[in-house]
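Peer 1: Contents are mmCIF, C-alpha atoms; file name final.cif:
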data_run
#
loop_
_atom_site.label_atom_id
_atom_site.label_comp_id
_atom_site.auth_asym_id
_atom_site.auth_seq_id
_atom_site.Cartn_x
_atom_site.Cartn_y
_atom_site.Cartn_z
CA MET A 1 2.05 7.04 8.97
CA LYS A 2 -1.50 7.23 10.20
CA PRO A 3 -3.52 10.36 9.31
CA ARG A 4 -3.99 13.00 11.95
CA SER A 5 -7.33 12.96 13.70
CA LYS A 6 -7.10 16.60 14.78
CA ALA A 7 -6.74 19.78 12.75
CA PRO A 8 -3.30 21.42 12.78
CA GLY A 9 -2.47 23.42 15.86
CA ASP A 10 -1.27 27.01 16.09
CA LYS A 11 2.02 26.70 17.97
CA ASN A 12 4.35 27.18 14.95
CA ILE A 13 4.38 28.08 11.28
CA VAL A 14 7.05 25.64 10.13
CA GLY A 15 5.37 22.31 10.90
CA THR A 16 3.25 21.98 7.78
CA LYS A 17 6.21 22.97 5.59
CA VAL A 18 8.51 20.49 7.32
CA LEU A 19 5.94 17.74 6.84
CA ALA A 20 5.29 18.63 3.18
CA LEU A 21 9.00 18.78 2.34
CA ARG A 22 9.73 15.53 4.19
CA LEU A 23 6.94 13.73 2.35
CA GLU A 24 7.94 15.25 -1.00
CA ARG A 25 11.43 13.86 -0.47
CA LYS A 26 9.96 10.49 0.60
CA ILE A 27 11.81 10.58 3.92
CA LYS A 28 10.30 8.37 6.61
CA GLN A 29 9.72 10.09 9.93
CA LYS A 30 12.09 7.72 11.76
CA ASP A 31 14.86 8.43 9.23
CA PHE A 32 14.25 12.17 9.47
CA LEU A 33 14.34 11.92 13.25
CA ALA A 34 17.73 10.17 13.11
CA GLN A 35 19.03 12.84 10.73
CA LEU A 36 17.88 15.65 13.03
CA GLN A 37 19.46 13.96 16.02
CA SER A 38 22.75 13.52 14.13
CA LEU A 39 22.71 17.27 13.42
CA GLY A 40 22.40 18.00 17.15
CA MET A 41 18.66 18.45 17.58
CA ASP A 42 17.47 16.78 20.80
CA ILE A 43 14.02 15.59 19.71
CA SER A 44 11.89 12.48 20.20
CA ALA A 45 9.50 10.85 17.74
CA THR A 46 6.53 12.24 19.66
CA SER A 47 8.00 15.73 19.68
CA LEU A 48 8.68 15.61 15.92
CA SER A 49 5.11 14.51 15.31
CA ARG A 50 3.83 17.38 17.46
CA LEU A 51 6.12 19.80 15.61
CA GLU A 52 4.81 18.67 12.21
CA GLY A 53 1.25 18.92 13.50
CA GLN A 54 1.89 22.45 14.78
CA TYR A 55 1.17 21.43 18.39
CA ARG A 56 4.70 22.22 19.61
CA LEU A 57 6.69 25.44 19.73
CA VAL A 58 9.86 25.49 17.63
CA GLN A 59 13.06 27.16 18.80
CA ASP A 60 15.09 29.29 16.41
CA MET A 61 18.07 26.88 16.53
CA GLU A 62 15.70 24.06 15.58
CA VAL A 63 14.53 25.95 12.49
CA VAL A 64 18.14 26.13 11.31
CA ILE A 65 18.64 22.38 11.82
CA LEU A 66 15.30 21.49 10.20
CA ALA A 67 16.16 23.60 7.16
CA LYS A 68 19.61 22.03 6.88
CA ALA A 69 18.16 18.52 7.10
CA LEU A 70 15.63 19.34 4.36
CA GLY A 71 18.11 21.16 2.12
CA VAL A 72 16.32 24.51 2.18
CA LYS A 73 17.07 27.93 3.64
CA SER A 74 15.60 28.75 7.05
CA GLU A 75 13.62 31.55 5.43
CA ALA A 76 11.75 28.99 3.34
CA LEU A 77 10.37 27.39 6.49
CA LEU A 78 9.41 30.75 7.96
CA SER A 79 7.70 32.18 4.88
CA GLU A 80 3.95 32.27 4.38
CA HIS A 81 4.23 30.05 1.31
CA LEU A 82 5.69 26.64 0.75
CA PRO A 83 9.19 26.90 -0.73
CA TRP A 84 8.10 25.76 -4.18
CA GLN A 85 5.06 28.07 -4.40
CA HIS A 86 5.30 31.47 -6.02
CA MET A 87 3.82 34.52 -4.36
#
Go through the file and emit its structure as structure tokens.
Peer 2:
Amino acid sequence: MKPRSKAPGDKNIVGTKVLALRLERKIKQKDFLAQLQSLGMDISATSLSRLEGQYRLVQDMEVVILAKALGVKSEALLSEHLPWQHM
């Protein structure tokens, strides 16, 4: 994966957490994309990249699928902190 040339956007709050959790679990983006699609999320590689970069809005149903694919609760993606950080 090539590094982003632009700073994160401001269209969602889950993108950086999704990216961090995916990388922590050593899941390649193409494998994660296939997993999301198998769970019913209609998303392209470009759209997933934009989601992780916070350049794309995220629908509530997508948050549920993203959380399921990453093995965390939806609330973890919506919190201010990363799921493994303490407040």
Peer 1: Output the residue selection produced by the PyMOL selection byres ((chain A and resi 61-67) around 12) on the file above, formatted as a PyMOL selection string.
Peer 2: chain A and resi 12-15+17-19+21-22+32-43+48+51-52+56-60+68-79+83
Peer 1: For a test of reading the model, state the distance in Å between atom CA of Asp31 of chain A and atom CA of Tyr55 of chain A, rounded to one decimal.
Peer 2: 21.0 Å
Peer 1: Using only C-alpha atoms, which residue out of A:Glu80, A:Lys11, A:Gln54, A:Ala45 lies closest to Lys30 of chain A?
Peer 2: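 Nearest to Lys30 of chain A: A:Ala45.
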Peer 1: What does the structure give for the distance between atom CA of Ser44 of chain A and atom CA of Thr16 of chain A, in Å to one decimal?
Peer 2: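 Spanning atom CA of Ser44 of chain A to atom CA of Thr16 of chain A is a straight-line distance of 17.9 Å.
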